[in-house]
>>> print(open('model11.tsv').read())   # TSV, C-alpha atoms
chain	number	residue	atom	x	y	z
A	1	MET	CA	153.58	94.34	77.06
A	2	PRO	CA	154.68	92.82	80.39
A	3	SER	CA	157.37	90.20	80.20
A	4	ILE	CA	159.05	87.56	82.31
A	5	LEU	CA	162.66	88.44	83.01
A	6	ALA	CA	163.89	85.40	84.89
A	7	PHE	CA	163.08	82.34	86.98
A	8	GLY	CA	164.67	80.87	90.07
A	9	SER	CA	164.24	77.86	92.31
A	10	TYR	CA	165.27	76.32	95.57
A	11	LEU	CA	164.92	72.70	96.66
A	12	PRO	CA	165.71	71.34	100.10
A	13	PRO	CA	168.63	68.91	99.99
A	14	ARG	CA	166.94	65.87	101.52
A	15	ILE	CA	165.73	63.34	98.94
A	16	LEU	CA	162.80	61.08	99.77
A	17	SER	CA	162.89	58.08	97.43
A	18	ASN	CA	160.00	55.86	96.44
A	19	ALA	CA	161.72	52.99	98.25
A	20	GLU	CA	161.74	54.91	101.55
A	21	LEU	CA	158.21	56.14	101.02
A	22	ALA	CA	156.89	52.70	100.04
A	23	ALA	CA	158.31	51.21	103.23
A	24	ARG	CA	156.62	53.93	105.27
A	25	LEU	CA	153.25	53.58	103.50
A	26	GLY	CA	153.32	49.79	103.18
A	27	CYS	CA	152.90	49.84	99.42
A	28	ASP	CA	154.83	48.82	96.31
A	29	ARG	CA	157.44	51.35	95.12
A	30	ALA	CA	156.67	50.40	91.50
A	31	TRP	CA	153.03	51.33	92.09
A	32	ILE	CA	154.07	54.83	93.21
A	33	LEU	CA	155.95	55.36	89.97
A	34	GLN	CA	153.14	53.93	87.87
A	35	ALA	CA	150.46	56.00	89.59
A	36	SER	CA	152.34	59.29	89.54
A	37	GLY	CA	155.47	59.23	87.39
A	38	ILE	CA	157.41	60.27	90.49
A	39	GLU	CA	160.66	58.52	91.44
A	40	GLU	CA	161.79	60.83	94.22
A	41	ARG	CA	160.93	64.18	95.80
A	42	ARG	CA	162.67	66.69	98.04
A	43	VAL	CA	161.43	67.27	101.58
A	44	ALA	CA	162.22	70.11	103.96
A	45	ASP	CA	163.76	69.27	107.32
A	46	SER	CA	164.16	72.42	109.38
A	47	GLU	CA	163.60	75.09	106.75
A	48	SER	CA	160.55	77.36	106.75
A	49	VAL	CA	158.49	78.29	103.72
A	50	ALA	CA	159.84	81.85	104.03
A	51	GLU	CA	163.47	80.72	104.04
A	52	MET	CA	162.90	78.47	101.03
A	53	GLY	CA	161.01	81.22	99.21
A	54	ALA	CA	163.77	83.72	99.88
A	55	ASN	CA	166.34	81.26	98.54
A	56	ALA	CA	164.36	80.83	95.32
A	57	ALA	CA	164.01	84.60	95.03
A	58	ARG	CA	167.76	85.08	95.46
A	59	ASP	CA	168.37	82.57	92.68
A	60	CYS	CA	165.94	84.47	90.47
A	61	LEU	CA	167.43	87.89	91.31
A	62	ALA	CA	170.88	86.52	90.45
A	63	HIS	CA	169.58	86.12	86.89
A	64	ALA	CA	167.89	89.54	86.74
A	65	ASN	CA	169.09	92.00	89.35
A	66	VAL	CA	166.40	94.68	89.02
A	67	SER	CA	164.59	96.88	91.52
A	68	ILE	CA	161.38	95.31	92.82
A	69	GLY	CA	158.14	97.24	93.37
A	70	LEU	CA	155.86	94.44	94.56
A	71	ILE	CA	156.20	90.91	95.88
A	72	LEU	CA	153.50	88.27	95.36
A	73	VAL	CA	153.95	85.08	97.33
A	74	SER	CA	151.94	81.96	96.66
A	75	CYS	CA	151.94	79.70	99.70
A	76	ALA	CA	149.20	77.50	101.11
A	77	SER	CA	151.41	75.71	103.61
A	78	GLY	CA	152.66	78.47	105.89
A	79	GLU	CA	153.52	77.64	109.47
A	80	ARG	CA	151.01	80.24	110.71
A	81	ARG	CA	147.44	81.19	109.90
A	82	PHE	CA	148.73	84.75	109.61
A	83	PRO	CA	150.83	86.49	108.62
A	84	GLY	CA	151.72	84.54	105.53
A	85	PRO	CA	155.34	84.39	104.46
A	86	ALA	CA	155.24	87.28	101.96
A	87	ALA	CA	156.39	90.04	104.31
A	88	GLU	CA	158.99	87.80	105.93
A	89	ILE	CA	160.40	86.89	102.52
A	90	ALA	CA	160.64	90.58	101.66
A	91	THR	CA	162.58	91.22	104.86
A	92	LEU	CA	164.88	88.23	104.30
A	93	LEU	CA	165.66	89.72	100.89
A	94	GLY	CA	166.37	93.17	102.32
A	95	LEU	CA	163.22	94.50	100.66
A	96	SER	CA	161.28	95.61	103.76
A	97	GLY	CA	158.83	98.37	102.97
A	98	ILE	CA	157.86	97.00	99.58
A	99	PRO	CA	154.27	95.70	99.52
A	100	ALA	CA	154.26	91.92	99.82
A	101	ILE	CA	151.02	90.01	99.29
A	102	ASP	CA	150.16	86.40	100.11
A	103	LEU	CA	148.15	84.19	97.75
A	104	PRO	CA	147.23	81.05	99.71
A	105	ILE	CA	145.55	79.12	96.90
A	106	ALA	CA	147.85	76.08	96.58
A	107	SER	CA	148.45	74.29	93.29
A	108	ALA	CA	147.52	77.00	90.79
A	109	GLY	CA	149.02	79.80	92.89
A	110	GLY	CA	152.30	80.12	91.00
A	111	LEU	CA	150.49	80.58	87.71
A	112	PHE	CA	147.91	82.93	89.24
A	113	ALA	CA	150.70	85.05	90.74
A	114	ILE	CA	152.48	85.46	87.39
A	115	ALA	CA	149.22	86.31	85.63
A	116	LEU	CA	148.25	88.83	88.31
A	117	ALA	CA	151.77	90.28	88.28
A	118	SER	CA	151.51	90.93	84.55
A	119	GLY	CA	148.48	93.10	85.24
A	120	LEU	CA	150.14	94.93	88.13
A	121	THR	CA	153.44	95.90	86.53
A	122	ALA	CA	151.98	99.13	85.16
A	123	THR	CA	151.43	100.30	88.75
A	124	PHE	CA	154.28	98.67	90.66
A	125	GLY	CA	157.04	98.12	88.13
A	126	ASN	CA	158.96	94.87	88.46
A	127	VAL	CA	157.02	92.26	90.41
A	128	LEU	CA	158.82	89.47	92.21
A	129	VAL	CA	156.71	86.31	92.22
A	130	VAL	CA	157.54	83.59	94.72
A	131	ALA	CA	155.82	80.25	95.31
A	132	THR	CA	156.98	78.21	98.28
A	133	GLU	CA	155.40	75.14	99.79
A	134	ILE	CA	156.06	72.54	102.47
A	135	MET	CA	153.20	70.12	101.88
A	136	SER	CA	154.92	66.80	102.55
A	137	PRO	CA	154.49	66.67	106.38
A	138	SER	CA	150.69	66.90	105.99
A	139	ALA	CA	150.44	64.61	102.98
A	140	THR	CA	150.13	61.51	105.12
A	141	GLU	CA	147.37	59.62	103.31
A	142	LYS	CA	148.67	57.18	100.70
A	143	ASP	CA	147.11	58.98	97.74
A	144	THR	CA	148.71	62.32	98.67
A	145	ALA	CA	151.93	61.10	100.30
A	146	ILE	CA	153.13	59.61	97.02
A	147	LEU	CA	152.70	62.96	95.28
A	148	PHE	CA	153.87	65.82	97.43
A	149	GLY	CA	157.35	67.19	97.83
A	150	ASP	CA	158.63	70.53	99.08
A	151	GLY	CA	160.31	73.38	97.26
A	152	ALA	CA	160.17	76.96	96.08
A	153	GLY	CA	160.24	78.80	92.79
A	154	ALA	CA	160.41	82.43	91.75
A	155	SER	CA	160.04	84.70	88.77
A	156	ILE	CA	160.26	88.40	87.95
A	157	VAL	CA	157.59	89.99	85.80
A	158	SER	CA	158.54	93.34	84.29
A	159	PRO	CA	156.51	96.09	82.63
A	160	GLY	CA	159.12	96.33	79.90
A	161	HIS	CA	161.16	94.18	77.57
A	162	GLY	CA	162.20	90.75	78.85
A	163	SER	CA	162.99	87.22	77.79
A	164	LEU	CA	159.36	86.11	77.52
A	165	GLU	CA	156.72	88.60	76.44
A	166	ILE	CA	153.34	87.73	77.98
A	167	LEU	CA	150.69	87.51	75.25
A	168	SER	CA	147.60	86.36	77.11
A	169	ALA	CA	146.43	84.84	80.36
A	170	VAL	CA	143.13	83.34	81.49
A	171	LEU	CA	142.22	82.47	85.09
A	172	HIS	CA	139.16	80.67	86.44
A	173	SER	CA	137.86	79.62	89.87
A	174	ASP	CA	134.93	77.45	90.96
A	175	GLY	CA	134.23	76.79	94.62
A	176	ALA	CA	131.95	73.86	93.78
A	177	GLY	CA	135.09	71.74	93.84
A	178	SER	CA	136.43	73.03	97.15
A	179	ALA	CA	135.89	69.76	99.01
A	180	ALA	CA	137.73	67.69	96.41
A	181	LEU	CA	141.14	68.88	97.56
A	182	GLN	CA	141.40	70.55	100.93
A	183	TRP	CA	143.50	70.95	104.02
A	184	HIS	CA	141.81	71.95	107.24
A	185	HIS	CA	143.70	73.65	110.07
A	186	THR	CA	144.31	70.26	111.61
A	187	GLY	CA	144.65	66.84	110.04
A	188	PRO	CA	146.08	65.69	106.74
A	189	ILE	CA	145.58	67.00	103.21
A	190	GLU	CA	142.38	65.42	101.89
A	191	MET	CA	141.98	64.61	98.22
A	192	ASN	CA	139.22	63.02	96.18
A	193	GLY	CA	141.67	62.02	93.48
A	194	LEU	CA	139.02	60.88	91.03
A	195	ALA	CA	137.19	64.21	91.22
A	196	VAL	CA	140.43	66.14	90.80
A	197	ILE	CA	141.42	64.04	87.79
A	198	ARG	CA	137.99	64.37	86.22
A	199	HIS	CA	137.92	68.16	86.48
A	200	ALA	CA	141.59	68.73	85.71
A	201	SER	CA	141.43	66.51	82.62
A	202	ALA	CA	138.65	68.65	81.19
A	203	LYS	CA	139.50	72.12	82.46
A	204	ILE	CA	143.23	72.28	81.70
A	205	PRO	CA	142.97	71.59	77.95
A	206	ALA	CA	139.97	73.92	77.75
A	207	VAL	CA	141.70	76.84	79.43
A	208	ILE	CA	144.86	76.29	77.39
A	209	ASN	CA	142.82	76.48	74.19
A	210	GLU	CA	140.96	79.54	75.53
A	211	THR	CA	144.26	81.28	76.30
A	212	LEU	CA	145.84	80.32	72.99
A	213	ALA	CA	142.79	81.61	71.10
A	214	LYS	CA	143.23	85.00	72.78
A	215	ALA	CA	146.75	85.10	71.39
A	216	SER	CA	145.64	83.76	67.98
A	217	LEU	CA	147.71	80.61	68.52
A	218	ARG	CA	147.04	76.88	68.46
A	219	ALA	CA	148.53	74.13	70.58
A	220	GLN	CA	150.56	72.84	67.64
A	221	PHE	CA	152.37	76.21	67.48
A	222	ILE	CA	153.62	76.02	71.08
A	223	LYS	CA	157.25	75.04	71.46
A	224	THR	CA	157.01	74.08	75.13
A	225	PHE	CA	154.20	73.64	77.63
A	226	ILE	CA	155.01	73.99	81.31
A	227	MET	CA	152.23	72.65	83.51
A	228	HIS	CA	151.77	72.39	87.23
A	229	GLN	CA	153.68	69.21	88.02
A	230	ALA	CA	150.76	67.39	89.61
A	231	ASN	CA	151.07	63.90	88.16
A	232	GLN	CA	152.84	62.69	85.01
A	233	ASN	CA	149.76	60.75	83.96
A	234	LEU	CA	147.73	63.97	84.04
A	235	ILE	CA	150.36	65.82	82.00
A	236	ASP	CA	150.28	63.03	79.39
A	237	ARG	CA	146.51	63.14	79.35
A	238	VAL	CA	146.42	66.90	78.75
A	239	ALA	CA	148.94	66.50	75.92
A	240	ARG	CA	146.71	63.88	74.27
A	241	ALA	CA	143.66	66.11	74.64
A	242	LEU	CA	145.51	68.95	72.91
A	243	GLY	CA	146.80	66.68	70.16
A	244	VAL	CA	150.47	67.36	70.91
A	245	PRO	CA	153.18	64.91	71.97
A	246	SER	CA	153.92	64.52	75.67
A	247	ALA	CA	157.48	65.53	74.85
A	248	ALA	CA	156.18	69.06	74.23
A	249	PHE	CA	155.46	69.27	77.96
A	250	TYR	CA	158.52	69.97	80.08
A	251	SER	CA	158.45	67.68	83.08
A	252	ASN	CA	160.63	67.36	86.14
A	253	ILE	CA	158.06	65.56	88.27
A	254	SER	CA	160.04	62.32	88.36
A	255	ARG	CA	162.74	64.10	90.42
A	256	ARG	CA	160.76	66.84	92.20
A	257	GLY	CA	157.33	65.40	92.85
A	258	ASN	CA	154.33	67.67	93.19
A	259	THR	CA	155.42	70.81	95.05
A	260	SER	CA	151.97	72.39	94.79
A	261	SER	CA	152.10	76.04	93.68
A	262	ALA	CA	155.90	76.04	93.55
A	263	SER	CA	156.04	73.30	90.94
A	264	ILE	CA	155.35	75.39	87.87
A	265	LEU	CA	158.05	77.92	88.79
A	266	ILE	CA	160.60	75.24	89.72
A	267	ALA	CA	159.90	73.52	86.40
A	268	ALA	CA	160.14	76.82	84.55
A	269	ALA	CA	163.46	77.64	86.22
A	270	GLU	CA	164.95	74.28	85.28
A	271	TRP	CA	163.53	74.46	81.76
A	272	PHE	CA	164.70	78.04	81.18
A	273	LEU	CA	168.31	77.17	82.05
A	274	GLN	CA	168.47	74.74	79.13
A	275	ALA	CA	165.80	76.17	76.80
A	276	ASP	CA	166.99	76.72	73.27
A	277	LEU	CA	164.56	79.49	72.39
A	278	ALA	CA	164.47	81.28	69.06
A	279	LEU	CA	162.85	84.63	68.51
A	280	GLY	CA	159.08	84.19	68.52
A	281	ASP	CA	159.00	80.73	70.09
A	282	ALA	CA	155.83	80.41	72.17
A	283	VAL	CA	155.59	78.79	75.58
A	284	CYS	CA	152.39	77.99	77.44
A	285	PHE	CA	152.03	77.70	81.21
A	286	ALA	CA	149.01	75.98	82.75
A	287	ALA	CA	147.85	74.93	86.20
A	288	PHE	CA	144.87	73.45	88.01
A	289	GLY	CA	144.35	72.77	91.67
A	290	ALA	CA	142.51	73.18	94.93
A	291	GLY	CA	139.63	75.61	94.89
A	292	PHE	CA	139.18	74.75	92.11
A	293	HIS	CA	141.46	77.36	90.59
A	294	TRP	CA	142.88	76.92	87.10
A	295	GLY	CA	144.35	78.93	84.30
A	296	ALA	CA	146.91	79.31	81.56
A	297	LEU	CA	149.34	81.92	80.28
A	298	VAL	CA	151.07	82.21	76.92
A	299	ALA	CA	154.35	84.02	76.33
A	300	ARG	CA	156.69	84.50	73.40
A	301	ALA	CA	160.48	84.61	73.30
A	302	THR	CA	161.83	88.02	72.38
B	1	MET	CA	126.10	38.76	83.03
B	2	THR	CA	122.92	40.77	82.99
B	3	PRO	CA	122.27	43.07	80.01
B	4	THR	CA	123.31	46.07	82.14
B	5	GLN	CA	126.52	44.31	83.17
B	6	GLN	CA	127.25	43.44	79.53
B	7	LYS	CA	126.76	47.06	78.52
B	8	ILE	CA	129.12	48.15	81.31
B	9	ALA	CA	131.67	45.50	80.33
B	10	ALA	CA	131.74	46.92	76.81
B	11	LEU	CA	132.37	50.40	78.17
B	12	VAL	CA	135.14	49.11	80.45
B	13	ALA	CA	136.78	47.43	77.45
B	14	LYS	CA	136.47	50.66	75.47
B	15	VAL	CA	138.23	52.89	78.03
B	16	SER	CA	140.82	50.35	79.16
B	17	ASN	CA	141.68	48.68	75.83
B	18	LYS	CA	142.01	45.48	77.83
B	19	PRO	CA	140.05	42.23	77.96
B	20	VAL	CA	137.28	42.46	80.51
B	21	PRO	CA	136.84	39.67	83.10
B	22	THR	CA	133.92	37.32	82.62
B	23	ASP	CA	133.33	37.35	86.36
B	24	PRO	CA	131.35	40.53	87.16
B	25	GLU	CA	132.60	40.43	90.75
B	26	GLU	CA	136.29	40.55	89.83
B	27	SER	CA	138.10	43.70	90.92
B	28	LEU	CA	138.82	45.94	87.96
B	29	PHE	CA	141.57	47.73	89.92
B	30	ASP	CA	143.36	44.70	91.36
B	31	SER	CA	143.38	43.10	87.91
B	32	GLY	CA	144.94	46.24	86.43
B	33	ILE	CA	142.07	46.88	84.02
B	34	LEU	CA	141.19	50.28	85.48
B	35	ASP	CA	143.23	52.96	87.21
B	36	SER	CA	142.26	56.38	88.50
B	37	PHE	CA	142.56	57.93	85.05
B	38	THR	CA	140.70	55.32	83.03
B	39	LEU	CA	138.00	55.22	85.71
B	40	THR	CA	137.24	58.90	85.13
B	41	ASP	CA	136.91	58.08	81.42
B	42	LEU	CA	134.56	55.24	82.31
B	43	VAL	CA	132.43	57.55	84.46
B	44	GLY	CA	131.99	59.85	81.48
B	45	GLU	CA	130.97	56.91	79.32
B	46	LEU	CA	128.52	55.69	81.98
B	47	GLU	CA	126.94	59.12	82.21
B	48	GLN	CA	126.35	59.14	78.47
B	49	ALA	CA	125.26	55.54	78.09
B	50	PHE	CA	122.85	55.48	81.05
B	51	GLY	CA	121.76	59.11	81.06
B	52	ILE	CA	122.97	59.64	84.62
B	53	LYS	CA	125.06	62.29	86.36
B	54	VAL	CA	127.76	61.00	88.71
B	55	PRO	CA	128.45	63.71	91.31
B	56	ASP	CA	131.98	64.23	92.63
B	57	ASN	CA	130.94	62.85	96.03
B	58	ASP	CA	130.12	59.51	94.41
B	59	LEU	CA	133.57	59.20	92.85
B	60	LYS	CA	134.94	56.54	95.18
B	61	PRO	CA	137.03	53.70	93.73
B	62	ARG	CA	135.15	51.06	95.78
B	63	ARG	CA	131.91	52.04	94.09
B	64	PHE	CA	133.33	51.24	90.66
B	65	ASP	CA	135.59	48.34	91.60
B	66	SER	CA	133.73	45.64	89.68
B	67	ILE	CA	131.19	45.37	86.90
B	68	GLU	CA	128.68	44.16	89.44
B	69	ARG	CA	129.18	47.20	91.66
B	70	ILE	CA	129.02	49.57	88.74
B	71	ALA	CA	125.77	47.95	87.60
B	72	ALA	CA	124.33	48.33	91.08
B	73	TYR	CA	125.30	52.02	91.04
B	74	VAL	CA	123.81	52.87	87.64
B	75	GLU	CA	120.64	50.91	88.39
B	76	LYS	CA	120.21	52.74	91.69
>>> encode(input="model11.tsv", output="structure tokens")
Amino acid sequence: MPSILAFGSYLPPRILSNAELAARLGCDRAWILQASGIEERRVADSESVAEMGANAARDCLAHANVSIGLILVSCASGERRFPGPAAEIATLLGLSGIPAIDLPIASAGGLFAIALASGLTATFGNVLVVATEIMSPSATEKDTAILFGDGAGASIVSPGHGSLEILSAVLHSDGAGSAALQWHHTGPIEMNGLAVIRHASAKIPAVINETLAKASLRAQFIKTFIMHQANQNLIDRVARALGVPSAAFYSNISRRGNTSSASILIAAAEWFLQADLALGDAVCFAAFGAGFHWGALVARAT
Amino acid sequence: MTPTQQKIAALVAKVSNKPVPTDPEESLFDSGILDSFTLTDLVGELEQAFGIKVPDNDLKPRRFDSIERIAAYVEK
């Protein structure tokens, strides 16, 4: 079975605090924390999505220095319409010539890339997954500005034995929700927060249960859930719907904000560094976002 | 309050676990009774209680900001 070998992350050094953001938006800093669970986020200054993605990949490759046969890059915030950053990241890593594919689907892209990679390892061998996003400059409306930060995450999915054996994955998409969270070629990111919350609150627990059922598991058997770091209130809500404590969900959103598709890999990288995993411990990844795209993936420590 | 407003007030109390204002015009957001998450719960309750379907495009906080406004919406 395919397995996850390692994770990596990169965060730009500049910290944007709620105090600074509240002054810019003309709102109460306490309200930002209450509405999102976010205390601060990182924002890119002069870095590109490709440079950040390459940095996350280098961090990941430092943990598992294997040959790479395919690169999947999730990025919905590239500086250009095309090409996306995938090929540039490959070149920055000295991996020119290896196929590098862009997945511009935003929030759920990191999860989708890992799930797709697990199905492609039989053909390509080790797949380097990268998710890199610079959303903050275009998150100018109050409801999005409080959420988005910038950052990049990475993972390597292998056809062979690795730290986390992938047991099952389920992915869904529904374009009926495309207008609820969108970013046109010009203008700010637009979000109907209530619609996103309504759909995410229902679809994330459902797809987690669907994915767990495929692996003959139940939520209570999962040691750690790692969800797209969209909003702490949403994470808590999903935990309640599954009947597990919020503490079962790893969260770094208070320090990182919502980094769109990169968030799940950044969270996984930070979690994995301090995870005390025993043989057989199960971990569940889940994401929901623009599209709508949503899904979950279950893996087991080996 | 009208019977519809009273029915809505009961649903607001159910999803918020907070005392509901007696003034149907009072803002449910400014008073801290509803937030974005409890409002989505309320919308689900309204759909069940009044046999309506609230489309995503109608999910605007202003539309559900008071018991009076909610009543106007469900009666429309």
>>> interface_residues(input="model11.tsv", of="chain B", to="chain A", cutoff="12 Å", atoms="only C-alpha atoms", output="PyMOL selection string")
chain B and resi 30+32+34-44+54-64
>>> residues_around(input="model11.tsv", residues="range 19-22 of chain B", least_positions_apart="3", cutoff="9 Å", atoms="all atoms listed in the file", output="VMD selection string")
chain B and resid 1 9 to 10 12 to 13 16 25 to 28 31 33 67
>>> atom_distance(input="model11.tsv", atom1="CA of Ser246 in chain A", atom2="CA of Pro205 in chain A")
13.2 Å
>>> closest_residue(input="model11.tsv", among="A:Ser77, A:Ser251, A:Ser168, A:Gln274", to="Thr211 in chain A", atoms="only C-alpha atoms")
A:Ser168
>>> residues_around(input="model11.tsv", residues="Glu165 in chain A", least_positions_apart="5", cutoff="9 Å", atoms="only C-alpha atoms", output="ChimeraX atom specification")
/A:1-5,160,298-302
>>> residues_around(input="model11.tsv", residues="Ala282 in chain A", least_positions_apart="3", cutoff="12 Å", atoms="only C-alpha atoms", output="VMD selection string")
chain A and resid 163 to 168 212 215 to 226 248 275 to 279 285 297 to 302
>>> residues_around(input="model11.tsv", residues="Ile52 in chain B", least_positions_apart="3", cutoff="12 Å", atoms="all atoms listed in the file", output="JSON, numbers by chain")
{"B": [43, 44, 45, 46, 47, 48, 49, 55, 73, 74, 75, 76]}
>>> residues_around(input="model11.tsv", residues="range 94-104 of chain A", least_positions_apart="2", cutoff="10 Å", atoms="all atoms listed in the file", output="PyMOL selection string")
chain A and resi 67-78+82-92+106-110+112-113+124+127-131+261
>>> build_atoms(input="model11.tsv", residues="range 8-32 of chain A", atoms="N, CA and C atoms", output="PDB file, in the frame of the given file")
ATOM      1  N   GLY A   8     163.729  81.394  89.087  1.00  0.00           N
ATOM      2  CA  GLY A   8     164.670  80.870  90.070  1.00  0.00           C
ATOM      3  C   GLY A   8     164.016  79.745  90.840  1.00  0.00           C
ATOM      4  N   SER A   9     164.815  78.964  91.529  1.00  0.00           N
ATOM      5  CA  SER A   9     164.240  77.860  92.310  1.00  0.00           C
ATOM      6  C   SER A   9     165.119  77.525  93.494  1.00  0.00           C
ATOM      7  N   TYR A  10     164.521  76.860  94.427  1.00  0.00           N
ATOM      8  CA  TYR A  10     165.270  76.320  95.570  1.00  0.00           C
ATOM      9  C   TYR A  10     164.607  75.005  95.979  1.00  0.00           C
ATOM     10  N   LEU A  11     165.428  73.996  96.188  1.00  0.00           N
ATOM     11  CA  LEU A  11     164.920  72.700  96.660  1.00  0.00           C
ATOM     12  C   LEU A  11     165.685  72.286  97.896  1.00  0.00           C
ATOM     13  N   PRO A  12     164.992  71.829  98.910  1.00  0.00           N
ATOM     14  CA  PRO A  12     165.710  71.340 100.100  1.00  0.00           C
ATOM     15  C   PRO A  12     166.567  70.137  99.726  1.00  0.00           C
ATOM     16  N   PRO A  13     167.684  69.955 100.419  1.00  0.00           N
ATOM     17  CA  PRO A  13     168.630  68.910  99.990  1.00  0.00           C
ATOM     18  C   PRO A  13     168.162  67.481 100.219  1.00  0.00           C
ATOM     19  N   ARG A  14     167.275  67.260 101.182  1.00  0.00           N
ATOM     20  CA  ARG A  14     166.940  65.870 101.520  1.00  0.00           C
ATOM     21  C   ARG A  14     166.042  65.225 100.455  1.00  0.00           C
ATOM     22  N   ILE A  15     166.473  64.084  99.960  1.00  0.00           N
ATOM     23  CA  ILE A  15     165.730  63.340  98.940  1.00  0.00           C
ATOM     24  C   ILE A  15     164.926  62.231  99.626  1.00  0.00           C
ATOM     25  N   LEU A  16     163.646  62.170  99.294  1.00  0.00           N
ATOM     26  CA  LEU A  16     162.800  61.080  99.770  1.00  0.00           C
ATOM     27  C   LEU A  16     162.491  60.189  98.566  1.00  0.00           C
ATOM     28  N   SER A  17     163.047  58.992  98.573  1.00  0.00           N
ATOM     29  CA  SER A  17     162.890  58.080  97.430  1.00  0.00           C
ATOM     30  C   SER A  17     161.577  57.308  97.538  1.00  0.00           C
ATOM     31  N   ASN A  18     161.185  56.722  96.423  1.00  0.00           N
ATOM     32  CA  ASN A  18     160.000  55.860  96.440  1.00  0.00           C
ATOM     33  C   ASN A  18     160.213  54.651  97.358  1.00  0.00           C
ATOM     34  N   ALA A  19     161.450  54.162  97.405  1.00  0.00           N
ATOM     35  CA  ALA A  19     161.720  52.990  98.250  1.00  0.00           C
ATOM     36  C   ALA A  19     161.449  53.327  99.715  1.00  0.00           C
ATOM     37  N   GLU A  20     161.955  54.485 100.158  1.00  0.00           N
ATOM     38  CA  GLU A  20     161.740  54.910 101.550  1.00  0.00           C
ATOM     39  C   GLU A  20     160.262  55.170 101.818  1.00  0.00           C
ATOM     40  N   LEU A  21     159.628  55.809 100.856  1.00  0.00           N
ATOM     41  CA  LEU A  21     158.210  56.140 101.020  1.00  0.00           C
ATOM     42  C   LEU A  21     157.348  54.871 101.012  1.00  0.00           C
ATOM     43  N   ALA A  22     157.669  53.948 100.128  1.00  0.00           N
ATOM     44  CA  ALA A  22     156.890  52.700 100.040  1.00  0.00           C
ATOM     45  C   ALA A  22     156.977  51.917 101.342  1.00  0.00           C
ATOM     46  N   ALA A  23     158.164  51.920 101.955  1.00  0.00           N
ATOM     47  CA  ALA A  23     158.310  51.210 103.230  1.00  0.00           C
ATOM     48  C   ALA A  23     157.467  51.872 104.308  1.00  0.00           C
ATOM     49  N   ARG A  24     157.410  53.198 104.267  1.00  0.00           N
ATOM     50  CA  ARG A  24     156.620  53.930 105.270  1.00  0.00           C
ATOM     51  C   ARG A  24     155.120  53.696 105.067  1.00  0.00           C
ATOM     52  N   LEU A  25     154.683  53.670 103.803  1.00  0.00           N
ATOM     53  CA  LEU A  25     153.250  53.580 103.500  1.00  0.00           C
ATOM     54  C   LEU A  25     152.764  52.132 103.412  1.00  0.00           C
ATOM     55  N   GLY A  26     153.717  51.191 103.335  1.00  0.00           N
ATOM     56  CA  GLY A  26     153.320  49.790 103.180  1.00  0.00           C
ATOM     57  C   GLY A  26     152.764  49.498 101.809  1.00  0.00           C
ATOM     58  N   CYS A  27     153.369  50.090 100.778  1.00  0.00           N
ATOM     59  CA  CYS A  27     152.900  49.840  99.420  1.00  0.00           C
ATOM     60  C   CYS A  27     154.092  49.511  98.519  1.00  0.00           C
ATOM     61  N   ASP A  28     153.801  49.209  97.272  1.00  0.00           N
ATOM     62  CA  ASP A  28     154.830  48.820  96.310  1.00  0.00           C
ATOM     63  C   ASP A  28     155.448  50.074  95.686  1.00  0.00           C
ATOM     64  N   ARG A  29     156.790  50.160  95.678  1.00  0.00           N
ATOM     65  CA  ARG A  29     157.440  51.350  95.120  1.00  0.00           C
ATOM     66  C   ARG A  29     157.133  51.476  93.626  1.00  0.00           C
ATOM     67  N   ALA A  30     156.979  50.345  92.935  1.00  0.00           N
ATOM     68  CA  ALA A  30     156.670  50.400  91.500  1.00  0.00           C
ATOM     69  C   ALA A  30     155.284  51.005  91.276  1.00  0.00           C
ATOM     70  N   TRP A  31     154.373  50.753  92.212  1.00  0.00           N
ATOM     71  CA  TRP A  31     153.030  51.330  92.090  1.00  0.00           C
ATOM     72  C   TRP A  31     153.090  52.865  92.203  1.00  0.00           C
ATOM     73  N   ILE A  32     153.951  53.375  93.076  1.00  0.00           N
ATOM     74  CA  ILE A  32     154.070  54.830  93.210  1.00  0.00           C
ATOM     75  C   ILE A  32     154.477  55.451  91.883  1.00  0.00           C
TER      76      ILE A  32
END
